[in-house]
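Shown next: work16.txt, containing compact mmCIF, C-alpha atoms.
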# COMPACT_ATOMS: atom_id res chain seq x y z
CA MET A 915 192.55 -31.30 -86.13
CA ASN A 916 195.03 -32.86 -88.40
CA GLN A 917 195.40 -36.16 -86.58
CA THR A 918 194.19 -38.40 -89.43
CA SER A 919 197.50 -38.66 -91.22
CA ALA A 920 198.97 -40.36 -88.18
CA SER A 921 196.14 -42.83 -87.74
CA SER A 922 195.45 -43.92 -91.30
CA SER A 923 197.39 -44.70 -94.43
CA PHE A 924 196.44 -42.56 -97.42
CA PRO A 925 193.95 -44.52 -99.55
CA GLY A 926 192.23 -46.06 -96.51
CA PRO A 927 189.46 -44.62 -94.31
CA ARG A 928 189.42 -40.84 -93.97
CA GLY A 929 189.51 -40.52 -90.19
CA PRO A 930 187.47 -38.17 -88.00
CA VAL A 931 184.49 -36.34 -89.35
CA ASP A 932 186.11 -32.94 -88.61
CA HIS A 933 188.75 -33.50 -91.22
CA ASP A 934 186.15 -34.38 -93.81
CA ILE A 935 184.20 -31.24 -93.06
CA ARG A 936 187.30 -29.06 -93.39
CA ASP A 937 187.94 -30.63 -96.79
CA GLN A 938 184.32 -30.14 -97.78
CA ILE A 939 184.49 -26.46 -96.88
CA VAL A 940 187.75 -26.00 -98.78
CA ALA A 941 186.38 -27.80 -101.86
CA ALA A 942 183.16 -25.79 -101.82
CA ALA A 943 185.03 -22.54 -101.23
CA ASN A 944 187.38 -23.43 -104.05
CA GLU A 945 184.43 -23.85 -106.38
CA HIS A 946 182.74 -20.71 -105.12
CA PHE A 947 185.85 -18.54 -105.37
CA SER A 948 186.54 -19.96 -108.83
CA GLN A 949 183.23 -18.61 -109.94
CA TYR A 950 182.83 -15.41 -107.99
CA GLY A 951 186.40 -14.50 -107.04
CA TYR A 952 188.05 -14.36 -103.68
CA ALA A 953 187.81 -10.66 -102.97
CA LYS A 954 184.08 -10.40 -103.66
CA THR A 955 183.01 -13.41 -101.61
CA THR A 956 182.22 -13.08 -97.89
CA VAL A 957 182.10 -15.93 -95.40
CA SER A 958 178.32 -15.40 -95.31
CA ASP A 959 178.07 -15.90 -99.09
CA LEU A 960 180.17 -18.99 -98.75
CA ALA A 961 178.07 -20.36 -95.88
CA LYS A 962 174.90 -19.87 -97.91
CA ALA A 963 176.41 -21.54 -100.96
CA ILE A 964 177.64 -24.55 -99.01
CA GLY A 965 174.53 -24.83 -96.89
CA PHE A 966 176.35 -24.49 -93.57
CA SER A 967 175.89 -21.73 -91.02
CA LYS A 968 178.52 -19.02 -90.82
CA ALA A 969 179.17 -19.95 -87.18
CA TYR A 970 179.76 -23.55 -88.22
CA ILE A 971 182.36 -22.52 -90.80
CA TYR A 972 184.07 -20.40 -88.15
CA LYS A 973 184.41 -23.55 -86.06
CA PHE A 974 186.86 -24.81 -88.68
CA PHE A 975 188.45 -21.66 -90.05
CA ASP A 976 189.31 -18.45 -88.24
CA SER A 977 188.67 -16.25 -91.23
CA LYS A 978 188.13 -16.09 -94.94
CA GLN A 979 191.89 -15.80 -95.28
CA ALA A 980 192.35 -19.14 -93.53
CA ILE A 981 190.13 -20.76 -96.16
CA GLY A 982 191.97 -18.87 -98.91
CA GLU A 983 195.24 -20.06 -97.41
CA ALA A 984 194.14 -23.70 -97.67
CA ILE A 985 193.11 -23.23 -101.29
CA CYS A 986 196.24 -21.29 -102.12
CA ALA A 987 198.42 -23.94 -100.52
CA ASN A 988 196.76 -26.56 -102.76
CA CYS A 989 197.25 -24.37 -105.79
CA LEU A 990 200.94 -23.66 -105.14
CA ALA A 991 201.43 -27.32 -104.25
CA GLN A 992 200.37 -28.13 -107.82
CA ILE A 993 203.25 -26.05 -109.17
CA VAL A 994 205.68 -27.63 -106.72
CA ALA A 995 204.49 -31.13 -107.64
CA ALA A 996 204.86 -30.43 -111.35
CA VAL A 997 208.39 -29.09 -110.85
CA GLU A 998 209.32 -31.99 -108.61
CA GLN A 999 208.16 -34.50 -111.21
CA ALA A 1000 209.94 -32.68 -114.04
CA ILE A 1001 213.31 -32.39 -112.33
CA ASN A 1002 213.37 -35.81 -110.72
CA GLU A 1003 213.32 -37.90 -113.84
CA GLU A 1004 216.26 -40.23 -114.05
CA ASN A 1005 219.48 -39.60 -115.94
CA LEU A 1006 219.20 -35.82 -116.10
CA THR A 1007 222.29 -33.67 -115.76
CA PRO A 1008 222.12 -30.77 -113.29
CA THR A 1009 221.97 -28.40 -116.28
CA GLU A 1010 219.00 -30.26 -117.71
CA ARG A 1011 217.29 -30.32 -114.34
CA PHE A 1012 217.75 -26.60 -114.00
CA ARG A 1013 216.25 -25.95 -117.43
CA ARG A 1014 213.29 -28.14 -116.51
CA LEU A 1015 212.78 -26.29 -113.26
CA VAL A 1016 212.55 -22.94 -115.07
CA LYS A 1017 210.39 -24.28 -117.87
CA THR A 1018 207.97 -26.10 -115.59
CA VAL A 1019 207.54 -23.33 -113.07
CA ILE A 1020 206.63 -20.94 -115.90
CA ALA A 1021 204.42 -23.39 -117.81
CA THR A 1022 202.48 -24.50 -114.73
CA GLY A 1023 202.01 -20.95 -113.51
CA VAL A 1024 200.82 -19.79 -116.90
CA ASP A 1025 198.50 -22.76 -117.23
CA LEU A 1026 196.96 -21.94 -113.86
CA PHE A 1027 196.66 -18.32 -114.91
CA PHE A 1028 194.76 -19.09 -118.09
CA ASN A 1029 192.71 -22.07 -116.97
CA ASP A 1030 191.82 -21.20 -113.42
CA ARG A 1031 192.00 -17.47 -113.31
CA LYS A 1032 190.09 -16.96 -110.06
CA LEU A 1033 192.28 -19.41 -108.18
CA TYR A 1034 195.28 -17.80 -109.73
CA ASP A 1035 194.06 -14.49 -108.35
CA ILE A 1036 194.03 -15.96 -104.84
CA ALA A 1037 197.60 -17.16 -105.32
CA ALA A 1038 198.65 -13.74 -106.61
CA PHE A 1039 196.93 -12.09 -103.66
CA ALA A 1040 198.66 -14.50 -101.28
CA ALA A 1041 202.01 -13.74 -102.89
CA GLY A 1042 201.38 -10.00 -102.58
CA GLU A 1043 200.51 -10.31 -98.91
CA ASN A 1044 203.26 -12.85 -98.30
CA TRP A 1045 200.88 -15.41 -96.81
CA PRO A 1046 202.50 -18.43 -95.12
CA SER A 1047 201.52 -20.64 -98.09
CA ALA A 1048 203.40 -18.27 -100.43
CA GLN A 1049 206.40 -18.26 -98.10
CA ARG A 1050 206.46 -22.05 -98.00
CA TYR A 1051 206.22 -22.13 -101.78
CA ASP A 1052 209.20 -19.78 -102.11
CA ALA A 1053 211.18 -21.88 -99.65
CA GLN A 1054 210.37 -25.02 -101.63
CA ILE A 1055 211.51 -23.49 -104.92
CA LYS A 1056 214.72 -22.39 -103.20
CA ARG A 1057 215.25 -25.95 -101.96
CA PHE A 1058 214.95 -27.25 -105.54
CA ILE A 1059 217.48 -24.66 -106.71
CA THR A 1060 219.85 -25.56 -103.87
CA GLU A 1061 219.65 -29.29 -104.62
CA ILE A 1062 220.39 -28.79 -108.30
CA LEU A 1063 223.27 -26.42 -107.54
CA ARG A 1064 224.80 -28.81 -105.01
CA GLU A 1065 224.60 -31.66 -107.45
CA GLY A 1066 226.06 -29.53 -110.26
CA ARG A 1067 228.91 -28.33 -108.07
CA GLU A 1068 229.73 -31.86 -107.00
CA ALA A 1069 229.69 -33.02 -110.61
CA GLY A 1070 232.02 -30.16 -111.58
CA GLU A 1071 229.36 -28.81 -113.92
CA PHE A 1072 228.85 -25.54 -111.99
CA GLU A 1073 231.37 -23.09 -110.52
CA ARG A 1074 232.14 -23.38 -106.81
CA LYS A 1075 233.74 -20.03 -105.99
CA THR A 1076 230.58 -18.10 -105.18
CA PRO A 1077 229.05 -18.96 -101.79
CA LEU A 1078 226.15 -21.35 -102.37
CA ASP A 1079 223.75 -19.12 -100.43
CA GLU A 1080 224.49 -16.16 -102.64
CA THR A 1081 224.04 -18.20 -105.79
CA VAL A 1082 220.70 -19.56 -104.58
CA GLU A 1083 219.41 -16.11 -103.59
CA SER A 1084 220.45 -14.48 -106.83
CA ILE A 1085 218.94 -17.23 -108.97
CA HIS A 1086 215.73 -17.15 -106.96
CA LEU A 1087 215.62 -13.38 -107.48
CA ALA A 1088 216.20 -13.77 -111.21
CA LEU A 1089 213.39 -16.33 -111.44
CA ARG A 1090 211.02 -14.36 -109.23
CA PRO A 1091 209.14 -12.70 -112.13
CA PHE A 1092 208.01 -16.19 -113.15
CA VAL A 1093 207.93 -18.03 -109.84
CA ASN A 1094 205.80 -15.41 -108.13
CA PRO A 1095 202.17 -15.49 -109.32
CA LEU A 1096 201.77 -11.77 -108.63
CA LEU A 1097 204.63 -10.93 -110.98
CA LEU A 1098 203.95 -13.63 -113.56
CA GLN A 1099 200.78 -11.89 -114.74
CA HIS A 1100 202.88 -8.85 -115.70
CA ASN A 1101 205.37 -10.99 -117.58
CA LEU A 1102 203.06 -12.89 -119.88
CA ASP A 1103 204.50 -11.11 -122.92
CA PHE A 1104 207.80 -12.84 -122.20
CA ILE A 1105 206.74 -16.38 -121.44
CA GLU A 1106 207.71 -17.62 -124.88
CA VAL A 1107 211.29 -16.39 -124.71
CA ALA A 1108 211.86 -16.23 -120.97
CA PRO A 1109 212.51 -19.92 -120.18
CA THR A 1110 215.37 -20.15 -122.67
CA LEU A 1111 216.83 -16.65 -122.26
CA THR A 1112 216.71 -16.74 -118.47
CA SER A 1113 217.97 -20.32 -118.17
CA ASN A 1114 220.81 -19.57 -120.57
CA LEU A 1115 221.87 -16.46 -118.67
CA ILE A 1116 221.78 -18.24 -115.32
CA LEU A 1117 223.59 -21.29 -116.69
CA ARG A 1118 226.29 -19.05 -118.15
CA SER A 1119 226.68 -17.52 -114.68
CA LEU A 1120 227.17 -21.02 -113.28
CA MET A 1121 229.97 -22.03 -115.63
CA PRO A 1122 233.08 -23.21 -113.79
CA MET B 48 202.39 26.36 -112.74
CA ASN B 49 205.88 25.16 -113.05
CA GLN B 50 206.70 26.72 -116.35
CA THR B 51 210.07 28.17 -115.43
CA SER B 52 211.79 24.96 -114.47
CA ALA B 53 210.50 23.28 -117.62
CA SER B 54 211.76 26.03 -119.90
CA SER B 55 215.09 26.48 -118.15
CA SER B 56 216.09 22.92 -118.98
CA PHE B 57 215.94 23.73 -122.69
CA PRO B 58 218.42 26.47 -123.42
CA GLY B 59 217.84 28.72 -126.43
CA PRO B 60 214.62 30.03 -127.94
CA ARG B 61 211.45 28.11 -127.02
CA GLY B 62 209.67 28.30 -130.34
CA PRO B 63 205.99 29.05 -130.93
CA VAL B 64 203.50 30.01 -128.24
CA ASP B 65 201.74 26.68 -128.75
CA HIS B 66 204.74 24.93 -127.36
CA ASP B 67 204.64 27.04 -124.21
CA ILE B 68 200.99 26.30 -123.69
CA ARG B 69 201.56 22.58 -124.09
CA ASP B 70 204.26 22.84 -121.41
CA GLN B 71 201.93 24.83 -119.18
CA ILE B 72 199.23 22.20 -119.49
CA VAL B 73 201.70 19.40 -118.79
CA ALA B 74 203.16 21.18 -115.77
CA ALA B 75 199.73 21.94 -114.34
CA ALA B 76 198.53 18.40 -115.03
CA ASN B 77 201.68 17.07 -113.39
CA GLU B 78 200.89 19.06 -110.29
CA HIS B 79 197.23 18.08 -110.36
CA PHE B 80 197.89 14.35 -110.90
CA SER B 81 200.54 14.44 -108.17
CA GLN B 82 197.89 15.54 -105.76
CA TYR B 83 194.79 13.73 -106.94
CA GLY B 84 196.15 10.81 -108.92
CA TYR B 85 195.92 10.06 -112.60
CA ALA B 86 193.05 7.60 -112.62
CA LYS B 87 190.66 9.81 -110.64
CA THR B 88 191.24 13.02 -112.60
CA THR B 89 189.16 13.82 -115.68
CA VAL B 90 190.09 16.32 -118.38
CA SER B 91 187.24 18.50 -117.03
CA ASP B 92 188.78 18.50 -113.53
CA LEU B 93 192.08 19.40 -115.04
CA ALA B 94 190.60 22.20 -117.17
CA LYS B 95 188.93 23.70 -114.10
CA ALA B 96 192.14 23.48 -112.07
CA ILE B 97 194.24 25.11 -114.78
CA GLY B 98 191.65 27.70 -115.69
CA PHE B 99 191.46 26.68 -119.35
CA SER B 100 188.41 25.32 -121.10
CA LYS B 101 188.21 21.62 -121.80
CA ALA B 102 187.95 22.38 -125.52
CA TYR B 103 191.13 24.44 -125.33
CA ILE B 104 193.03 21.57 -123.70
CA TYR B 105 191.77 19.24 -126.42
CA LYS B 106 193.36 21.60 -128.97
CA PHE B 107 196.73 20.48 -127.62
CA PHE B 108 196.13 16.94 -126.41
CA ASP B 109 193.88 14.29 -127.90
CA SER B 110 193.08 12.72 -124.58
CA LYS B 111 193.97 12.46 -120.92
CA GLN B 112 196.37 9.68 -121.90
CA ALA B 113 198.24 12.05 -124.20
CA ILE B 114 198.83 14.38 -121.23
CA GLY B 115 199.77 11.41 -119.07
CA GLU B 116 202.15 10.30 -121.79
CA ALA B 117 203.94 13.64 -121.73
CA ILE B 118 204.28 13.50 -117.93
CA CYS B 119 205.34 9.89 -117.99
CA ALA B 120 207.94 10.61 -120.64
CA ASN B 121 209.39 13.33 -118.36
CA CYS B 122 209.35 10.98 -115.43
CA LEU B 123 211.08 8.11 -117.23
CA ALA B 124 213.50 10.60 -118.77
CA GLN B 125 214.62 11.40 -115.22
CA ILE B 126 215.61 7.76 -114.69
CA VAL B 127 217.38 7.65 -118.04
CA ALA B 128 219.24 10.90 -117.29
CA ALA B 129 220.36 9.62 -113.89
CA VAL B 130 221.61 6.36 -115.42
CA GLU B 131 223.35 8.19 -118.23
CA GLN B 132 225.18 10.43 -115.79
CA ALA B 133 226.15 7.52 -113.55
CA ILE B 134 227.55 5.30 -116.29
CA ASN B 135 229.29 8.00 -118.31
CA GLU B 136 231.76 9.14 -115.71
CA GLU B 137 235.32 8.86 -116.92
CA ASN B 138 237.68 5.99 -116.24
CA LEU B 139 235.05 3.38 -115.44
CA THR B 140 235.53 -0.20 -116.54
CA PRO B 141 232.59 -1.86 -118.32
CA THR B 142 232.03 -3.93 -115.17
CA GLU B 143 231.80 -0.80 -113.05
CA ARG B 144 229.52 0.87 -115.56
CA PHE B 145 227.23 -2.13 -115.50
CA ARG B 146 227.04 -2.09 -111.70
CA ARG B 147 226.23 1.59 -111.81
CA LEU B 148 223.48 1.05 -114.35
CA VAL B 149 221.77 -1.51 -112.12
CA LYS B 150 222.24 0.50 -108.95
CA THR B 151 221.06 3.77 -110.46
CA VAL B 152 218.03 2.37 -112.22
CA ILE B 153 216.88 0.82 -108.94
CA ALA B 154 217.73 3.81 -106.74
CA THR B 155 216.08 6.36 -109.05
CA GLY B 156 212.98 4.24 -109.50
CA VAL B 157 212.66 3.69 -105.77
CA ASP B 158 213.22 7.37 -105.07
CA LEU B 159 210.46 8.26 -107.49
CA PHE B 160 208.23 5.66 -105.91
CA PHE B 161 208.65 7.01 -102.40
CA ASN B 162 208.86 10.73 -103.16
CA ASP B 163 206.43 11.17 -105.98
CA ARG B 164 204.03 8.35 -105.61
CA LYS B 165 201.28 9.69 -107.84
CA LEU B 166 203.68 10.29 -110.72
CA TYR B 167 205.13 6.88 -110.12
CA ASP B 168 201.62 5.47 -110.47
CA ILE B 169 201.31 7.07 -113.91
CA ALA B 170 204.63 5.52 -114.92
CA ALA B 171 203.52 2.13 -113.60
CA PHE B 172 200.23 2.47 -115.46
CA ALA B 173 202.13 3.43 -118.63
CA ALA B 174 204.39 0.41 -118.24
CA GLY B 175 201.37 -1.88 -117.74
CA GLU B 176 199.68 -0.54 -120.86
CA ASN B 177 202.96 -0.42 -122.79
CA TRP B 178 202.56 3.24 -123.69
CA PRO B 179 205.02 4.63 -126.27
CA SER B 180 206.91 6.48 -123.51
CA ALA B 181 207.42 3.18 -121.67
CA GLN B 182 208.54 1.50 -124.88
CA ARG B 183 211.04 4.29 -125.56
CA TYR B 184 212.31 3.96 -122.00
CA ASP B 185 212.82 0.21 -122.42
CA ALA B 186 214.63 0.80 -125.69
CA GLN B 187 216.89 3.37 -124.05
CA ILE B 188 217.82 1.02 -121.20
CA LYS B 189 218.57 -1.67 -123.76
CA ARG B 190 220.83 0.77 -125.61
CA PHE B 191 222.78 1.40 -122.41
CA ILE B 192 223.15 -2.34 -121.85
CA THR B 193 224.27 -2.84 -125.45
CA GLU B 194 226.90 -0.07 -125.22
CA ILE B 195 228.37 -1.47 -122.02
CA LEU B 196 228.40 -5.00 -123.41
CA ARG B 197 230.09 -3.91 -126.63
CA GLU B 198 232.74 -2.04 -124.72
CA GLY B 199 233.30 -4.96 -122.34
CA ARG B 200 233.55 -7.43 -125.21
CA GLU B 201 236.07 -5.25 -127.01
CA ALA B 202 238.11 -4.87 -123.83
CA GLY B 203 238.08 -8.65 -123.35
CA GLU B 204 236.27 -8.20 -120.06
CA PHE B 205 233.09 -10.00 -121.17
CA GLU B 206 232.60 -13.25 -123.07
CA ARG B 207 231.96 -13.03 -126.82
CA LYS B 208 230.51 -16.43 -127.66
CA THR B 209 226.85 -15.63 -127.00
CA PRO B 210 225.20 -13.50 -129.70
CA LEU B 211 225.10 -9.90 -128.50
CA ASP B 212 221.34 -9.66 -129.09
CA GLU B 213 220.66 -12.65 -126.89
CA THR B 214 222.83 -11.30 -124.11
CA VAL B 215 221.12 -7.90 -124.23
CA GLU B 216 217.64 -9.45 -124.20
CA SER B 217 218.39 -11.80 -121.34
CA ILE B 218 219.99 -9.07 -119.21
CA HIS B 219 217.12 -6.73 -119.90
CA LEU B 220 214.73 -9.49 -118.85
CA ALA B 221 216.71 -10.13 -115.66
CA LEU B 222 216.64 -6.42 -114.82
CA ARG B 223 212.99 -5.97 -115.72
CA PRO B 224 211.70 -6.37 -112.12
CA PHE B 225 213.64 -3.20 -111.28
CA VAL B 226 213.62 -1.31 -114.58
CA ASN B 227 209.87 -1.59 -115.01
CA PRO B 228 207.95 0.70 -112.63
CA LEU B 229 204.98 -1.66 -112.58
CA LEU B 230 207.15 -4.51 -111.32
CA LEU B 231 209.42 -2.45 -109.08
CA GLN B 232 206.61 -1.79 -106.62
CA HIS B 233 206.29 -5.54 -106.05
CA ASN B 234 210.02 -5.91 -105.51
CA LEU B 235 210.61 -3.30 -102.83
CA ASP B 236 211.45 -6.02 -100.29
CA PHE B 237 214.49 -6.82 -102.38
CA ILE B 238 215.89 -3.40 -103.22
CA GLU B 239 218.58 -3.65 -100.56
CA VAL B 240 220.05 -6.89 -101.84
CA ALA B 241 218.98 -6.84 -105.47
CA PRO B 242 221.57 -4.45 -106.97
CA THR B 243 224.50 -6.54 -105.72
CA LEU B 244 222.99 -10.01 -106.13
CA THR B 245 221.61 -9.34 -109.58
CA SER B 246 224.71 -7.49 -110.83
CA ASN B 247 226.93 -10.27 -109.53
CA LEU B 248 224.88 -12.97 -111.20
CA ILE B 249 224.80 -11.14 -114.53
CA LEU B 250 228.50 -10.29 -114.36
CA ARG B 251 229.31 -13.94 -113.65
CA SER B 252 227.30 -14.82 -116.77
CA LEU B 253 229.46 -12.38 -118.74
CA MET B 254 232.78 -13.83 -117.70
CA PRO B 255 234.95 -14.76 -120.69
Would you write the structure of this file as structure tokens?
Amino acid sequence: MNQTSASSSFPGPRGPVDHDIRDQIVAAANEHFSQYGYAKTTVSDLAKAIGFSKAYIYKFFDSKQAIGEAICANCLAQIVAAVEQAINEENLTPTERFRRLVKTVIATGVDLFFNDRKLYDIAAFAAGENWPSAQRYDAQIKRFITEILREGREAGEFERKTPLDETVESIHLALRPFVNPLLLQHNLDFIEVAPTLTSNLILRSLMP
Amino acid sequence: MNQTSASSSFPGPRGPVDHDIRDQIVAAANEHFSQYGYAKTTVSDLAKAIGFSKAYIYKFFDSKQAIGEAICANCLAQIVAAVEQAINEENLTPTERFRRLVKTVIATGVDLFFNDRKLYDIAAFAAGENWPSAQRYDAQIKRFITEILREGREAGEFERKTPLDETVESIHLALRPFVNPLLLQHNLDFIEVAPTLTSNLILRSLMP
């Protein structure tokens, strides 16, 4: 169903009607879940609210989870986009990029938590159940960490003795309380101090 | 009623009868919560199960939470005792003691989680609500970290540039996913790799 991206450039025409309808369902579900929560909403509720039949929705999505997945993917993509923007500014040292990664992942997650609580709850649920969107998000964060480490090692800013894989895994583990939406909500008492304390500890561990 | 095992751990005279009755209530509540869970049990249920009147229980404990607190304190004391034993063996270097701290805190917490799930749930609840018992537990773990760091700094094994307070706080934060019962349950996928990865990262950060 996802053939539009091949046939049209982004700001141009939207492509087949199917794609539009999928987006409409996701947008309406997003709104509905934001108001009533993910857990409490059934596909029937959603169908009524959107004005489509339940059967029609099932033509596009296998289950409520599939709709939740689409929303969650959007939501986690926001965090990834914010991190990407923060770390890819020009003229940053690997150390600075790493600090920005930590700071942005925490700030964006917290922002989502406080300003879009119901969506946040879907993301936390997805993280708890290890949905594919949550797995992709984790993989993306690991890719950012790997890039920064590679660059820092090449520049002689970070130590090179520890196998890169191990360093990436251990840093990802150390950041998990803030990267993972499910854990972040239990770490809100630490969000003031955590970016600095955690970045400093990790950066000390990276010293050549 | 598990009175014997409770009293045998405190050698010497037990003191007033009141103290015994408190212990009896705690032991019975422990048993009752283990079977039926903390959240679902009322003080009335507990009174019936123990064979005391509700009013009599309230003579000793202000609330269900006060009983839960006593149980939780016992439960967290088990983790502290296990850590204390593990790190205080003779002839350990500060590095070895630190590894043992991490390993033992994770292993004991996980053991509790799998073998005494209902008690674990009280501990997790206590951690979430930041009960005094959970605060004391956190403080105790921080004391262990501080001792090991001091010793390692004096021995020249750990770096001395970073203020000790900052190092303690950042290590405690890095260990929180495993020290804190509420977070540990969300990190069970990582308990195989976490002790080594996390210890290694922290020990690298401590290198002089």
Inset, instruction - Provide as number ranges by chain the residues of chain B at most 8 Å from chain A, counting all atoms listed in the file. - result: B: 175, 213-214, 216-218, 220-221, 224, 230, 233, 241, 244-245, 248-254
With C-alpha atoms retained, could you export that selection as an mmCIF file, in the coordinates of the input?
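Heads up, here's the output in part_28.cif:
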data_model
loop_
_atom_site.group_PDB
_atom_site.id
_atom_site.type_symbol
_atom_site.label_atom_id
_atom_site.label_comp_id
_atom_site.auth_asym_id
_atom_site.auth_seq_id
_atom_site.Cartn_x
_atom_site.Cartn_y
_atom_site.Cartn_z
ATOM 1 C CA GLY B 175 201.370 -1.880 -117.740
ATOM 2 C CA GLU B 213 220.660 -12.650 -126.890
ATOM 3 C CA THR B 214 222.830 -11.300 -124.110
ATOM 4 C CA GLU B 216 217.640 -9.450 -124.200
ATOM 5 C CA SER B 217 218.390 -11.800 -121.340
ATOM 6 C CA ILE B 218 219.990 -9.070 -119.210
ATOM 7 C CA LEU B 220 214.730 -9.490 -118.850
ATOM 8 C CA ALA B 221 216.710 -10.130 -115.660
ATOM 9 C CA PRO B 224 211.700 -6.370 -112.120
ATOM 10 C CA LEU B 230 207.150 -4.510 -111.320
ATOM 11 C CA HIS B 233 206.290 -5.540 -106.050
ATOM 12 C CA ALA B 241 218.980 -6.840 -105.470
ATOM 13 C CA LEU B 244 222.990 -10.010 -106.130
ATOM 14 C CA THR B 245 221.610 -9.340 -109.580
ATOM 15 C CA LEU B 248 224.880 -12.970 -111.200
ATOM 16 C CA ILE B 249 224.800 -11.140 -114.530
ATOM 17 C CA LEU B 250 228.500 -10.290 -114.360
ATOM 18 C CA ARG B 251 229.310 -13.940 -113.650
ATOM 19 C CA SER B 252 227.300 -14.820 -116.770
ATOM 20 C CA LEU B 253 229.460 -12.380 -118.740
ATOM 21 C CA MET B 254 232.780 -13.830 -117.700
#
Inset, instruction - Please provide as number ranges by chain all residues within 9 Å of Ile1105 in chain A, with the sequence filter that same-chain residues fewer than 5 positions apart are discarded (counting all atoms listed in the file). - result: A: 1020-1021, 1024, 1092, 1098
Selected residues written out with C-alpha atoms, as a compact mmCIF listing (two decimals), keeping the file's coordinate frame:
# COMPACT_ATOMS: atom_id res chain seq x y z
CA ILE A 1020 206.63 -20.94 -115.90
CA ALA A 1021 204.42 -23.39 -117.81
CA VAL A 1024 200.82 -19.79 -116.90
CA PHE A 1092 208.01 -16.19 -113.15
CA LEU A 1098 203.95 -13.63 -113.56
Inset, instruction - Give the answer as one residue: which of A:Gln979, A:Asn944, A:Gln1049, A:Asn1005 has the shortest atom-to-atom distance to Arg1031 in chain A, using only C-alpha atoms? - result: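 Among the listed residues, the smallest separation from Arg1031 in chain A belongs to A:Asn944.
The space separating CA of Arg200 in chain B from CA of Phe145 in chain B comes to 12.7 Å.
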I'd like the contact shell of Lys111 in chain B - 10 Å cut-off, only C-alpha atoms, skipping same-chain residues fewer than 5 positions apart - returned as a PDB file with C-alpha atoms, in the coordinates of the input.
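The new file result30.pdb reads:
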ATOM      1  CA  ALA B  76     198.530  18.400-115.030  1.00  0.00           C
ATOM      2  CA  TYR B  85     195.920  10.060-112.600  1.00  0.00           C
ATOM      3  CA  ALA B  86     193.050   7.600-112.620  1.00  0.00           C
ATOM      4  CA  THR B  88     191.240  13.020-112.600  1.00  0.00           C
ATOM      5  CA  THR B  89     189.160  13.820-115.680  1.00  0.00           C
ATOM      6  CA  VAL B  90     190.090  16.320-118.380  1.00  0.00           C
ATOM      7  CA  SER B  91     187.240  18.500-117.030  1.00  0.00           C
ATOM      8  CA  LEU B  93     192.080  19.400-115.040  1.00  0.00           C
ATOM      9  CA  ILE B 104     193.030  21.570-123.700  1.00  0.00           C
ATOM     10  CA  TYR B 105     191.770  19.240-126.420  1.00  0.00           C
ATOM     11  CA  GLU B 116     202.150  10.300-121.790  1.00  0.00           C
TER      12      GLU B 116
END
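As for CA of Asp1035 in chain A and CA of Pro1095 in chain A, they are spaced 8.2 Å apart.
When CA of Pro179 in chain B is paired with CA of Phe107 in chain B, their separation reads 17.9 Å.
The smallest atom-to-atom distance between Tyr184 in chain B and any of B:Ile114, B:Cys119, B:Ala96, B:Ile72, using only C-alpha atoms, is found for B:Cys119.
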Legend entry - Point (224.5, 5.9, -124.2) neighbourhood (12 Å, all atoms listed in the file) written as a PyMOL selection string: chain B and resi 127-136+144+148+186-198
Go ahead and write the residues just picked, C-alpha atoms, as a PDB file, keeping the file's coordinate frame.
ATOM      1  CA  VAL B 127     217.380   7.650-118.040  1.00  0.00           C
ATOM      2  CA  ALA B 128     219.240  10.900-117.290  1.00  0.00           C
ATOM      3  CA  ALA B 129     220.360   9.620-113.890  1.00  0.00           C
ATOM      4  CA  VAL B 130     221.610   6.360-115.420  1.00  0.00           C
ATOM      5  CA  GLU B 131     223.350   8.190-118.230  1.00  0.00           C
ATOM      6  CA  GLN B 132     225.180  10.430-115.790  1.00  0.00           C
ATOM      7  CA  ALA B 133     226.150   7.520-113.550  1.00  0.00           C
ATOM      8  CA  ILE B 134     227.550   5.300-116.290  1.00  0.00           C
ATOM      9  CA  ASN B 135     229.290   8.000-118.310  1.00  0.00           C
ATOM     10  CA  GLU B 136     231.760   9.140-115.710  1.00  0.00           C
ATOM     11  CA  ARG B 144     229.520   0.870-115.560  1.00  0.00           C
ATOM     12  CA  LEU B 148     223.480   1.050-114.350  1.00  0.00           C
ATOM     13  CA  ALA B 186     214.630   0.800-125.690  1.00  0.00           C
ATOM     14  CA  GLN B 187     216.890   3.370-124.050  1.00  0.00           C
ATOM     15  CA  ILE B 188     217.820   1.020-121.200  1.00  0.00           C
ATOM     16  CA  LYS B 189     218.570  -1.670-123.760  1.00  0.00           C
ATOM     17  CA  ARG B 190     220.830   0.770-125.610  1.00  0.00           C
ATOM     18  CA  PHE B 191     222.780   1.400-122.410  1.00  0.00           C
ATOM     19  CA  ILE B 192     223.150  -2.340-121.850  1.00  0.00           C
ATOM     20  CA  THR B 193     224.270  -2.840-125.450  1.00  0.00           C
ATOM     21  CA  GLU B 194     226.900  -0.070-125.220  1.00  0.00           C
ATOM     22  CA  ILE B 195     228.370  -1.470-122.020  1.00  0.00           C
ATOM     23  CA  LEU B 196     228.400  -5.000-123.410  1.00  0.00           C
ATOM     24  CA  ARG B 197     230.090  -3.910-126.630  1.00  0.00           C
ATOM     25  CA  GLU B 198     232.740  -2.040-124.720  1.00  0.00           C
TER      26      GLU B 198
END
Inset, instruction - Skip Glu78 in chain B itself and residues of its chain fewer than 4 positions away, then list as a PyMOL selection string all residues within 12 Å of it, counting only C-alpha atoms. - result: chain B and resi 48-50+71-74+82-85+88+93+96-97+115+118+163+165-166
